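This is structure-v9.cif. It holds mmCIF, C-alpha atoms and all ligand atoms.
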data_protein
loop_
_atom_site.label_atom_id
_atom_site.label_comp_id
_atom_site.auth_asym_id
_atom_site.auth_seq_id
_atom_site.Cartn_x
_atom_site.Cartn_y
_atom_site.Cartn_z
CA MET A 1 -81.91 30.98 69.46
CA GLY A 2 -81.07 27.60 70.96
CA GLY A 3 -77.69 28.47 72.40
CA ILE A 4 -76.08 29.52 69.12
CA ARG A 5 -73.90 32.40 70.28
CA SER A 6 -71.37 32.58 67.51
CA VAL A 7 -71.89 32.00 63.77
CA PHE A 8 -69.02 31.94 61.26
CA VAL A 9 -70.60 33.59 58.20
CA LEU A 10 -68.99 32.99 54.81
CA ASN A 11 -69.68 34.86 51.59
CA THR A 12 -67.52 33.15 49.00
CA GLY A 13 -66.79 34.64 45.60
CA SER A 14 -64.79 33.17 42.74
CA SER A 15 -61.53 34.68 44.03
CA SER A 16 -62.52 36.02 47.44
CA VAL A 17 -63.88 34.96 50.81
CA LYS A 18 -65.62 37.51 53.00
CA PHE A 19 -66.20 36.35 56.58
CA ARG A 20 -67.64 37.48 59.88
CA VAL A 21 -67.91 35.82 63.27
CA VAL A 22 -71.06 37.22 64.81
CA ASP A 23 -73.52 36.73 67.67
CA PRO A 24 -76.85 36.28 65.85
CA GLU A 25 -78.85 37.84 68.67
CA SER A 26 -76.84 40.89 69.68
CA GLY A 27 -75.09 41.36 66.32
CA ALA A 28 -71.78 41.70 68.22
CA VAL A 29 -68.92 41.03 65.79
CA GLY A 30 -66.09 38.77 67.03
CA ALA A 31 -64.00 39.07 63.88
CA GLU A 32 -64.43 39.94 60.24
CA GLY A 33 -62.37 40.27 57.12
CA LEU A 34 -61.79 39.53 53.47
CA VAL A 35 -59.33 37.28 51.68
CA GLU A 36 -58.85 38.28 48.05
CA ARG A 37 -56.95 37.13 44.96
CA ILE A 38 -57.48 33.45 45.76
CA GLY A 39 -55.80 31.27 43.13
CA GLU A 40 -54.37 34.26 41.26
CA PRO A 41 -50.72 34.29 40.14
CA GLY A 42 -48.41 35.44 42.94
CA SER A 43 -51.13 35.06 45.58
CA GLN A 44 -50.28 33.39 48.92
CA THR A 45 -53.69 31.67 48.85
CA PRO A 46 -53.81 28.84 46.29
CA ASP A 47 -57.46 27.86 46.80
CA HIS A 48 -60.60 28.36 48.90
CA ARG A 49 -59.60 25.58 51.32
CA ALA A 50 -56.36 27.44 52.08
CA ALA A 51 -58.27 30.71 52.45
CA ILE A 52 -60.65 29.24 55.01
CA GLU A 53 -57.85 27.44 56.90
CA GLY A 54 -55.96 30.74 56.97
CA ILE A 55 -58.99 32.60 58.35
CA LEU A 56 -59.60 29.91 60.98
CA SER A 57 -55.98 29.98 62.14
CA GLY A 58 -56.62 33.53 63.36
CA LEU A 59 -59.89 32.64 65.13
CA ASP A 60 -60.87 30.75 68.28
CA ARG A 61 -62.39 27.73 66.48
CA GLY A 62 -63.71 26.28 69.71
CA ALA A 63 -65.93 29.33 70.21
CA ILE A 64 -67.75 28.89 66.86
CA ASP A 65 -71.14 27.15 67.12
CA ALA A 66 -72.19 27.00 63.46
CA VAL A 67 -71.30 28.08 59.93
CA GLY A 68 -73.65 30.10 57.70
CA HIS A 69 -73.06 30.25 53.94
CA ARG A 70 -74.43 32.77 51.48
CA ILE A 71 -75.66 30.87 48.42
CA VAL A 72 -77.03 32.89 45.52
CA HIS A 73 -79.41 30.52 43.73
CA GLY A 74 -81.73 28.09 45.51
CA GLY A 75 -83.86 27.32 42.44
CA ASP A 76 -87.24 25.72 43.10
CA ARG A 77 -85.85 23.34 45.69
CA PHE A 78 -84.44 25.62 48.40
CA VAL A 79 -87.13 28.07 49.48
CA GLN A 80 -85.70 28.65 52.96
CA ALA A 81 -82.39 28.45 54.80
CA THR A 82 -81.35 24.80 54.89
CA LEU A 83 -79.04 22.61 56.99
CA ILE A 84 -76.30 21.33 54.70
CA ASP A 85 -75.68 17.62 54.22
CA ASP A 86 -74.25 15.73 51.23
CA ASP A 87 -77.60 15.72 49.49
CA VAL A 88 -78.09 19.50 49.92
CA GLU A 89 -74.55 20.06 48.69
CA ARG A 90 -75.37 18.04 45.56
CA GLY A 91 -78.59 20.00 45.11
CA ILE A 92 -76.69 23.30 45.19
CA GLU A 93 -74.22 21.88 42.68
CA GLN A 94 -77.07 20.94 40.34
CA LEU A 95 -78.27 24.55 40.44
CA SER A 96 -74.95 25.81 39.14
CA ALA A 97 -76.29 25.74 35.59
CA LEU A 98 -78.84 28.43 36.58
CA ALA A 99 -76.20 30.59 38.29
CA PRO A 100 -72.86 29.73 36.69
CA LEU A 101 -71.14 32.86 37.97
CA HIS A 102 -72.48 32.64 41.51
CA ASN A 103 -73.20 29.13 42.80
CA PRO A 104 -69.86 27.43 42.06
CA PRO A 105 -67.88 29.72 44.40
CA GLY A 106 -70.51 29.24 47.15
CA LEU A 107 -70.10 25.51 46.74
CA LEU A 108 -66.31 25.81 47.07
CA GLY A 109 -66.91 27.67 50.35
CA ILE A 110 -69.23 24.91 51.60
CA ARG A 111 -66.77 22.16 50.72
CA ALA A 112 -63.81 23.95 52.29
CA ALA A 113 -65.70 24.81 55.48
CA ARG A 114 -67.17 21.31 55.87
CA ALA A 115 -63.67 19.85 55.51
CA ALA A 116 -62.17 22.31 57.99
CA LEU A 117 -65.01 22.20 60.55
CA PRO A 118 -66.63 18.76 60.15
CA GLU A 119 -68.00 18.79 63.69
CA LEU A 120 -70.08 21.94 63.19
CA PRO A 121 -73.55 22.31 61.65
CA GLN A 122 -73.51 24.35 58.44
CA VAL A 123 -76.47 26.17 56.94
CA ALA A 124 -77.01 27.53 53.42
CA VAL A 125 -78.92 30.83 53.20
CA PHE A 126 -80.25 31.54 49.70
CA ASP A 127 -80.61 34.94 48.01
CA THR A 128 -83.63 33.63 46.12
CA ALA A 129 -85.56 32.34 49.16
CA PHE A 130 -87.27 35.62 50.08
CA HIS A 131 -88.92 35.71 46.65
CA ALA A 132 -90.07 32.08 46.63
CA GLY A 133 -93.68 33.08 47.24
CA MET A 134 -93.87 35.68 44.45
CA PRO A 135 -97.24 35.54 42.69
CA ALA A 136 -97.28 33.45 39.51
CA ALA A 137 -97.99 36.50 37.36
CA ALA A 138 -94.77 38.16 38.56
CA ARG A 139 -92.78 34.94 38.52
CA SER A 140 -93.56 33.73 35.02
CA TYR A 141 -92.01 34.69 31.69
CA ALA A 142 -94.46 34.77 28.80
CA ILE A 143 -92.82 31.94 26.86
CA ASP A 144 -94.00 28.44 25.91
CA ALA A 145 -95.11 26.94 29.21
CA GLY A 146 -93.72 23.49 28.42
CA VAL A 147 -90.26 24.82 27.64
CA ALA A 148 -90.31 26.96 30.78
CA ALA A 149 -91.35 24.04 33.00
CA GLU A 150 -88.84 21.64 31.47
CA HIS A 151 -85.91 23.98 32.02
CA GLY A 152 -86.92 25.80 35.22
CA ILE A 153 -87.19 29.08 33.31
CA ARG A 154 -88.94 31.58 35.55
CA ARG A 155 -88.10 34.62 37.60
CA TYR A 156 -86.49 33.76 40.95
CA GLY A 157 -85.19 37.12 42.21
CA PHE A 158 -82.09 37.79 44.32
CA HIS A 159 -80.73 39.92 47.19
CA GLY A 160 -83.41 38.29 49.35
CA THR A 161 -81.28 38.18 52.49
CA SER A 162 -80.87 41.93 52.21
CA TYR A 163 -84.58 42.52 51.53
CA ARG A 164 -85.52 40.51 54.61
CA ILE A 165 -83.38 42.45 57.07
CA VAL A 166 -83.97 45.83 55.44
CA SER A 167 -87.76 45.42 55.38
CA GLU A 168 -87.74 44.38 59.07
CA ARG A 169 -85.52 47.33 59.96
CA ALA A 170 -87.77 49.70 57.98
CA ALA A 171 -90.84 48.51 59.91
CA GLU A 172 -88.95 48.94 63.19
CA PHE A 173 -87.87 52.44 62.16
CA LEU A 174 -91.44 53.38 61.24
CA GLY A 175 -92.78 51.78 64.44
CA ARG A 176 -95.36 49.86 62.40
CA PRO A 177 -95.96 46.13 61.88
CA LEU A 178 -94.28 44.84 58.73
CA ASP A 179 -97.41 42.94 57.77
CA GLU A 180 -99.28 46.25 57.31
CA LEU A 181 -96.68 47.90 55.10
CA ARG A 182 -96.29 48.32 51.35
CA LEU A 183 -92.60 48.92 50.66
CA ILE A 184 -90.52 49.61 47.60
CA VAL A 185 -86.93 48.66 48.45
CA LEU A 186 -84.06 49.64 46.16
CA HIS A 187 -80.96 47.54 46.83
CA LEU A 188 -78.39 49.56 44.90
CA GLY A 189 -74.94 48.02 45.23
CA ASN A 190 -72.52 46.76 42.66
CA GLY A 191 -75.35 44.39 41.77
CA ALA A 192 -78.67 46.22 41.99
CA SER A 193 -82.32 45.27 42.20
CA ALA A 194 -85.70 46.65 43.26
CA THR A 195 -88.43 44.78 45.12
CA ALA A 196 -92.08 45.45 45.88
CA ILE A 197 -92.88 44.08 49.35
CA ALA A 198 -96.44 43.80 50.66
CA GLY A 199 -96.93 42.67 54.26
CA GLY A 200 -93.35 41.42 54.43
CA ARG A 201 -93.66 39.32 51.26
CA SER A 202 -91.98 39.87 47.92
CA ILE A 203 -94.63 40.42 45.28
CA ASP A 204 -92.29 41.47 42.47
CA THR A 205 -88.60 41.99 41.98
CA SER A 206 -86.44 43.27 39.14
CA MET A 207 -83.93 40.42 38.89
CA GLY A 208 -85.15 37.33 37.10
CA MET A 209 -83.94 33.81 36.39
CA THR A 210 -80.43 35.17 36.94
CA PRO A 211 -79.08 38.37 38.52
CA LEU A 212 -78.79 39.96 35.06
CA GLU A 213 -82.34 41.28 34.60
CA GLY A 214 -83.64 44.63 35.81
CA LEU A 215 -81.71 47.70 36.90
CA VAL A 216 -78.50 49.05 35.38
CA MET A 217 -75.58 47.71 37.47
CA GLY A 218 -71.84 48.24 37.73
CA THR A 219 -71.02 45.90 34.84
CA ARG A 220 -74.39 44.21 34.05
CA SER A 221 -76.86 45.52 31.48
CA GLY A 222 -80.11 44.80 33.29
CA ASP A 223 -83.19 44.79 31.01
CA LEU A 224 -82.78 44.66 27.28
CA ASP A 225 -84.66 43.30 24.30
CA PRO A 226 -83.81 39.57 24.24
CA ALA A 227 -83.53 39.81 20.47
CA VAL A 228 -80.30 41.76 20.98
CA LEU A 229 -78.67 38.48 21.99
CA LEU A 230 -79.89 36.78 18.84
CA TYR A 231 -78.81 39.67 16.67
CA LEU A 232 -75.28 39.75 18.09
CA GLN A 233 -74.88 36.02 17.58
CA ARG A 234 -76.26 36.06 14.05
CA ASN A 235 -74.74 39.29 12.79
CA ALA A 236 -71.76 40.27 14.94
CA ALA A 237 -69.90 36.94 14.99
CA MET A 238 -70.28 36.74 18.77
CA THR A 239 -70.43 33.35 20.48
CA VAL A 240 -72.68 32.49 23.42
CA ASP A 241 -69.73 33.10 25.75
CA ASP A 242 -68.98 36.45 24.10
CA VAL A 243 -72.54 37.63 24.69
CA ASP A 244 -72.48 36.32 28.27
CA GLU A 245 -69.28 38.24 28.92
CA LEU A 246 -70.62 41.37 27.21
CA LEU A 247 -73.82 41.51 29.23
CA ASN A 248 -72.43 40.43 32.63
CA ARG A 249 -69.00 42.06 32.66
CA ARG A 250 -68.77 44.80 30.03
CA SER A 251 -72.17 46.47 30.25
CA GLY A 252 -74.00 48.61 32.79
CA LEU A 253 -72.19 51.72 34.04
CA LEU A 254 -68.89 50.29 32.82
CA GLY A 255 -70.15 49.62 29.32
CA LEU A 256 -71.79 53.02 28.96
CA SER A 257 -69.02 55.14 30.47
CA GLY A 258 -65.88 53.06 30.95
CA ARG A 259 -66.37 53.30 34.72
CA GLY A 260 -68.14 50.65 36.79
CA ASP A 261 -68.05 52.47 40.11
CA MET A 262 -70.88 54.94 40.72
CA ARG A 263 -68.57 57.32 42.61
CA GLU A 264 -66.37 57.63 39.54
CA VAL A 265 -69.36 57.97 37.21
CA ILE A 266 -70.73 60.84 39.29
CA ALA A 267 -67.35 62.61 39.47
CA ALA A 268 -66.88 62.28 35.70
CA ALA A 269 -70.44 63.45 35.00
CA GLU A 270 -69.87 66.48 37.23
CA GLY A 271 -66.74 67.14 35.16
CA GLY A 272 -68.94 67.27 32.08
CA GLU A 273 -68.01 63.90 30.56
CA ALA A 274 -70.90 63.07 28.22
CA ALA A 275 -70.60 59.28 28.48
CA ALA A 276 -70.72 59.44 32.29
CA GLU A 277 -73.74 61.78 32.14
CA LEU A 278 -75.49 59.27 29.90
CA ALA A 279 -74.60 56.35 32.20
CA PHE A 280 -76.05 58.23 35.19
CA GLY A 281 -79.10 59.15 33.12
CA VAL A 282 -79.80 55.58 32.01
CA TYR A 283 -79.31 54.33 35.60
CA VAL A 284 -81.84 56.85 36.93
CA HIS A 285 -84.29 56.32 34.06
CA ARG A 286 -84.37 52.59 34.83
CA LEU A 287 -84.97 53.34 38.52
CA HIS A 288 -87.96 55.52 37.57
CA HIS A 289 -89.28 52.70 35.46
CA TYR A 290 -89.30 50.27 38.40
CA ILE A 291 -90.49 52.78 41.00
CA GLY A 292 -93.50 53.55 38.81
CA ALA A 293 -94.16 49.88 38.15
CA TYR A 294 -94.03 48.97 41.82
CA LEU A 295 -96.28 51.85 42.89
CA ALA A 296 -98.84 50.37 40.50
CA ILE A 297 -98.26 46.77 41.56
CA LEU A 298 -98.53 47.67 45.27
CA GLY A 299 -101.41 50.11 44.72
CA GLY A 300 -99.35 52.84 46.41
CA ALA A 301 -96.53 52.64 48.94
CA ASP A 302 -96.07 53.48 52.61
CA ALA A 303 -92.32 53.81 52.25
CA LEU A 304 -89.55 53.70 49.67
CA VAL A 305 -86.24 52.47 51.03
CA PHE A 306 -82.70 52.93 49.70
CA THR A 307 -80.04 50.40 50.75
CA ALA A 308 -76.60 48.92 49.83
CA GLY A 309 -73.44 50.75 48.72
CA VAL A 310 -74.95 53.27 46.29
CA GLY A 311 -78.33 53.53 48.03
CA GLU A 312 -76.82 54.15 51.48
CA ASN A 313 -74.05 56.49 50.38
CA SER A 314 -75.05 58.46 47.30
CA ALA A 315 -77.24 61.48 47.98
CA ALA A 316 -76.95 62.32 44.28
CA VAL A 317 -78.49 59.02 43.16
CA ARG A 318 -81.25 59.24 45.79
CA ALA A 319 -82.14 62.79 44.78
CA ALA A 320 -82.12 61.96 41.06
CA ALA A 321 -84.12 58.74 41.57
CA LEU A 322 -87.03 60.67 43.09
CA GLU A 323 -86.75 63.90 41.10
CA GLY A 324 -90.06 64.80 39.51
CA LEU A 325 -92.01 62.18 41.47
CA ALA A 326 -93.70 64.54 43.96
CA GLY A 327 -96.96 63.94 42.10
CA LEU A 328 -96.67 60.29 43.13
CA GLY A 329 -96.08 61.23 46.77
CA LEU A 330 -92.31 60.78 46.60
CA GLN A 331 -90.25 63.70 47.84
CA VAL A 332 -86.73 64.16 49.20
CA ASP A 333 -85.75 66.77 51.78
CA ALA A 334 -82.46 68.14 50.43
CA ALA A 335 -80.87 68.78 53.85
CA ALA A 336 -81.84 65.39 55.29
CA ASN A 337 -80.64 63.67 52.12
CA ALA A 338 -77.27 65.44 52.23
CA ALA A 339 -76.67 64.85 55.98
CA PRO A 340 -73.67 62.60 56.58
CA ASP A 341 -75.60 60.23 58.90
CA ARG A 342 -74.95 56.50 58.64
CA GLY A 343 -77.82 54.78 60.47
CA PRO A 344 -81.45 54.22 59.50
CA ARG A 345 -82.97 57.60 58.64
CA ARG A 346 -85.84 59.42 56.95
CA ILE A 347 -84.99 61.71 54.05
CA SER A 348 -88.52 62.77 53.04
CA PRO A 349 -89.95 66.04 54.36
CA ALA A 350 -92.25 65.93 57.41
CA GLY A 351 -95.80 65.06 56.38
CA ALA A 352 -94.89 63.67 52.94
CA PRO A 353 -97.37 61.01 51.76
CA VAL A 354 -94.65 58.35 51.34
CA ASP A 355 -91.77 57.96 53.81
CA VAL A 356 -88.46 57.84 52.00
CA LEU A 357 -85.87 56.03 54.11
CA VAL A 358 -82.22 55.06 54.00
CA ILE A 359 -81.77 51.77 55.84
CA PRO A 360 -78.34 50.11 55.97
CA THR A 361 -78.41 46.46 54.97
CA ASP A 362 -76.48 43.76 56.84
CA GLU A 363 -76.53 40.50 54.91
CA GLU A 364 -73.92 38.85 57.19
CA LEU A 365 -76.01 39.45 60.31
CA GLN A 366 -79.13 38.16 58.56
CA ILE A 367 -77.27 35.00 57.45
CA ALA A 368 -76.19 34.46 61.07
CA ARG A 369 -79.77 34.93 62.28
CA GLU A 370 -81.21 32.51 59.74
CA THR A 371 -78.46 29.98 60.51
CA ALA A 372 -79.33 30.14 64.21
CA GLY A 373 -83.03 29.97 63.30
CA VAL A 374 -82.59 26.71 61.35
CA LEU A 375 -80.58 25.18 64.20
CA ALA A 376 -83.12 26.27 66.81
CA GLN A 377 -85.68 24.05 65.06
CA GLY A 378 -84.01 20.92 66.48
CA ASP A 379 -80.80 19.28 67.50
CA LEU A 380 -79.23 19.20 64.07
CA ARG A 381 -75.57 18.58 64.76
CA PRO A 382 -74.15 16.22 62.17
P1 LIG B 401 -72.18 47.04 47.55
O1 LIG B 401 -72.23 46.07 46.40
O2 LIG B 401 -73.43 47.17 48.30
O3 LIG B 401 -70.98 46.84 48.44
O4 LIG B 401 -71.97 48.48 46.87
C1 LIG B 401 -70.77 48.77 46.19
C2 LIG B 401 -71.00 49.97 45.30
O5 LIG B 401 -71.36 51.09 46.11
C3 LIG B 401 -69.75 50.36 44.54
O6 LIG B 401 -69.93 50.06 43.17
C4 LIG B 401 -69.63 51.85 44.72
O7 LIG B 401 -69.63 52.49 43.50
C5 LIG B 401 -70.90 52.25 45.44
N1 LIG B 401 -70.67 53.35 46.38
C6 LIG B 401 -70.12 53.30 47.60
N2 LIG B 401 -70.06 54.54 48.14
C7 LIG B 401 -70.60 55.39 47.24
C8 LIG B 401 -70.85 56.80 47.19
N3 LIG B 401 -70.51 57.61 48.20
N4 LIG B 401 -71.43 57.30 46.08
C9 LIG B 401 -71.77 56.51 45.05
N5 LIG B 401 -71.57 55.19 45.04
C10 LIG B 401 -70.99 54.63 46.11
#

Can the structure in the file be given as structure tokens, please?
Ligand code: AMP
Amino acid sequence: MGGIRSVFVLNTGSSSVKFRVVDPESGAVGAEGLVERIGEPGSQTPDHRAAIEGILSGLDRGAIDAVGHRIVHGGDRFVQATLIDDDVERGIEQLSALAPLHNPPGLLGIRAARAALPELPQVAVFDTAFHAGMPAAARSYAIDAGVAAEHGIRRYGFHGTSYRIVSERAAEFLGRPLDELRLIVLHLGNGASATAIAGGRSIDTSMGMTPLEGLVMGTRSGDLDPAVLLYLQRNAAMTVDDVDELLNRRSGLLGLSGRGDMREVIAAAEGGEAAAELAFGVYVHRLHHYIGAYLAILGGADALVFTAGVGENSAAVRAAALEGLAGLGLQVDAAANAAPDRGPRRISPAGAPVDVLVIPTDEELQIARETAGVLAQGDLRP
């Protein structure tokens, strides 16, 4: 990959910076860590610039070849990883309206890293890019076409960096070419989404214009009747911001049970707490909904893949997600599912019609790879 041996990967949140220094080819990690509570009262880190300077003071700056940034929303403009210049930075800023919770922190990370490392090329890797080729029927909302076009209202999809590396790893694990495979991938983390992948391409995904649509998440509602928003504003004296806060931060597992972490929900449900049982039930019901939909959209699947925090670690969620689906070819081997393995693995019984896999994701490594890939296309040093 054109001599890029060390990429400084940054995943910047509103009050946190997650980083890794990684060799994009071997995956060898030079350093990694997390700075939290940026800008909070009593914190040693007043802003993102200070966070990144602090991280760099502990690293060998001279050994870094490039910087890779995770950016959530690329809109219609950024359909692949892109070398950052002032114009790209402005473009990402303009997309903040579409992703108000997610793009502004990414932009702070870009600005801080460009100021701290002006001599290095920096690349933005977009969560939406993997879904850019989704068929129009999956991409479009059934609303007035003029309004949709004027405001960029369509389904974009997210978690694409994860889907790319997980689908490649699944093909490797199966020893089959990715372009022959029909995959259903369930990225179940704090944010959660499902994607139908045919021949390595996203053909449908559960998140939409923003990362709010689709599955039940830690604090996000996922799918609901859009008229609920209207009703709450008309009849419950809620403002636009109140509804935003309700659906993004006080819904999902947290809203249903008072607990946003799946581990706690499962423990409480096992203790017989009715609200936690319901939260788990709604979560699993929504998974069934999408698994069924994607089997139909793909015309059957070669493999179903679990990934991210919940998908990789929770045997209980995996078992519940596929319970009763043997008639659709989906089965889980209880012993394989319960085994404490960490790496890529099969959890379906031998000879089952659909392989059920657990494949760890690695978004940081994929960002490093795509960063190196962009830079290998030419001499792009600023
Ligand atoms: P991620 O966003 O991929 O880092 O995933 C974070 C989520 O994974 C957290 O909300 C945790 O609840 C969940 N998680 C991690 N380990 C487990 C586990 N053993 N069982 C259930 N959920 C887990």

Q. Closest to Val21 in chain A among A:Ala115, A:Leu98, A:Ala334, A:Ile367, using only C-alpha atoms?
A.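 Distance minimum relative to Val21 in chain A lands on A:Ile367.
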
Q.
List as a list in words the protein and nucleic acid residues lying within 6 Å of ligand LIG 401 (chain B), with all atoms listed in the file counted.
A. Gly189, Asn190, Gly191, Asp261, Met262, Arg263, Ala308, Gly309, Val310, Asn313 and Ser314 of chain A

Q.
From the options A:Asp333, A:Glu213, A:Asp76, A:Asp341, which residue's atoms come nearest to Arg286 in chain A, counting only C-alpha atoms?
A.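 Checking each candidate against Arg286 in chain A, we get A:Glu213 as the closest.
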
Q. Can you tell me, as a list in words, what residues are no more than 8 Å from His73 in chain A when counting all atoms listed in the file, ignoring any on the same chain fewer than 4 positions away?
A.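 Residues near the query, excluding close chain neighbours: Ile92, Leu95, Ser96, Leu98, Ala99, His102, Asn103, Phe126, Asp127, Thr128 and Phe158 of chain A.
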
Q.
Env of range 48-50 of chain A: 10 Å cut, atoms = all atoms listed in the file, seq-sep filter 3 positions within chain, self excluded. Answer as an MDAnalysis selection string.
A. chainID A and resid 12:17 35 38:39 44:45 53:56 105 108:116

Q) Hey, can you check how far CA of Ser221 in chain A sits from CA of Glu168 in chain A? A)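 CA of Glu168 in chain A lies 29.7 Å from CA of Ser221 in chain A.
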
Q: Find the spatial neighbours of range 349-353 of chain A, counting all atoms listed in the file, within a cut-off of 10 Å - ignore same-chain residues fewer than 3 positions away - and output them as a ChimeraX atom specification.
A: /A:300-303,326,328-337,346,356

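Nearest residue to Val29 in chain A, choosing from A:Arg234, A:Glu245, A:Phe8, A:Leu224 and counting all atoms listed in the file: A:Phe8.
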
Q.
Between CA of Pro24 in chain A and CA of Glu36 in chain A, what is the distance in Å, rounded to a tenth?
A. 25.4 Å

Q. Which value, in Å to one decimal, gives the distance between CA of Ala198 in chain A and CA of Asp223 in chain A?
A. 23.7 Å
